[in-house]
Every structure is written in C-alpha cells, then in structure tokens.
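Engineer: The structure follows.
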Amino acid sequence: MKTRPFKYSSASYVNLSKNQQHQFAQGHALRIYNSNSIYSFIPKNACSTMRVSLAIANGCIADTDKLDELDFNWIHNNNDTFRAD
C-alpha cells in the first residue's frame, strides 16, 4: 500500500486528537466503501448532494429515480456515519 505522510506534520507536534485543524479536516473526510477511497467536502458547498450520493454508494439509502424525502433527510441525522477515522 502506498504511504501517505501528513503534509504539514512538522507545523504542529500536538496529538492529532487535540489538533483543531486536523479534527476539522477529519470531520469533513468521508469514506466510500466500495472504492476504498475517501473524499473531503466543504460544508454548505453542495455537501448534501455529495452526502446523498455517498449514502447511496455505501448502500444505506435506495438509489431510485424519485428519492424519498425521508431518505434524503437521513443524511442530516447521520453526518458521522461514514467519517474517516
């Protein structure tokens, strides 16, 4: 597996669990299970559309032509479901 070192690790020696910048980035990085990948998003910049697509890709809500409102709203109550840890 390819190594992916942190780009700015020398800028802070604080434990990552206490590093606010890292915690923000981690909180906005989500997993796509089937492709073994992670994507990051900017809150309020089409993030609902991206999170719906992610929930469909990860099999949590149905992929239909007419997405049920309850399925769409599911993402707002489950923001941490696919968080990269």
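The chains in the structure tokens are called A, B, ... from first to last as shown; in each chain the residues are counted from 1, and the ligands are counted from 1 in the order shown.
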Can you pull out every residue within 10 Å of stretch 16-29 of chain A, counting only C-alpha atoms, but drop anything in the same chain fewer than 3 positions away, and send it as a list in words?
Structural biologist: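 Here the answer would be Ser9, Ser12, Tyr13, Ile38, Tyr39, Ser40, Phe41, Ile42, Pro43, Cys47, Asn79, Asp80, Phe82, Arg83, Ala84 and Asp85 of chain A.
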Engineer: Tell me, which residues of chain A carry DSSP strand (DSSP E or B), written as a VMD selection string?
Structural biologist: chain A and resid 29 to 32 37 to 40 83
Engineer: Would you output that residue set with N, CA and C atoms, as a PDB file, in the first residue's frame?
Structural biologist:
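Result file is again33.pdb:
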```pdb
ATOM      1  N   ALA A  29     -14.023  14.469   6.105  1.00  0.00           N
ATOM      2  CA  ALA A  29     -13.484  13.436   5.223  1.00  0.00           C
ATOM      3  C   ALA A  29     -14.340  12.192   5.417  1.00  0.00           C
ATOM      4  N   LEU A  30     -14.941  11.722   4.351  1.00  0.00           N
ATOM      5  CA  LEU A  30     -15.891  10.613   4.427  1.00  0.00           C
ATOM      6  C   LEU A  30     -15.445   9.448   3.544  1.00  0.00           C
ATOM      7  N   ARG A  31     -15.806   8.233   3.943  1.00  0.00           N
ATOM      8  CA  ARG A  31     -15.404   7.012   3.235  1.00  0.00           C
ATOM      9  C   ARG A  31     -16.426   6.575   2.197  1.00  0.00           C
ATOM     10  N   ILE A  32     -15.902   6.118   1.074  1.00  0.00           N
ATOM     11  CA  ILE A  32     -16.698   5.430   0.067  1.00  0.00           C
ATOM     12  C   ILE A  32     -16.211   3.989   0.104  1.00  0.00           C
ATOM     13  N   SER A  37     -12.013   4.469  -0.838  1.00  0.00           N
ATOM     14  CA  SER A  37     -11.499   5.826  -1.010  1.00  0.00           C
ATOM     15  C   SER A  37     -12.131   6.773   0.004  1.00  0.00           C
ATOM     16  N   ILE A  38     -11.552   7.946   0.067  1.00  0.00           N
ATOM     17  CA  ILE A  38     -12.020   8.986   0.982  1.00  0.00           C
ATOM     18  C   ILE A  38     -12.159  10.274   0.188  1.00  0.00           C
ATOM     19  N   TYR A  39     -13.214  11.019   0.458  1.00  0.00           N
ATOM     20  CA  TYR A  39     -13.314  12.344  -0.138  1.00  0.00           C
ATOM     21  C   TYR A  39     -13.577  13.352   0.960  1.00  0.00           C
ATOM     22  N   SER A  40     -13.154  14.573   0.722  1.00  0.00           N
ATOM     23  CA  SER A  40     -13.407  15.631   1.695  1.00  0.00           C
ATOM     24  C   SER A  40     -14.349  16.644   1.055  1.00  0.00           C
ATOM     25  N   ARG A  83     -17.683   8.817   8.485  1.00  0.00           N
ATOM     26  CA  ARG A  83     -16.482   9.579   8.832  1.00  0.00           C
ATOM     27  C   ARG A  83     -15.235   8.720   8.756  1.00  0.00           C
TER      28      ARG A  83
END
```
Engineer: Which residues come within 7 Å of stretch 50-66 of chain A, counting only C-alpha atoms, excluding same-chain residues fewer than 6 positions away, as an MDAnalysis selection string?
Structural biologist: chainID A and resid 32:33 72 75
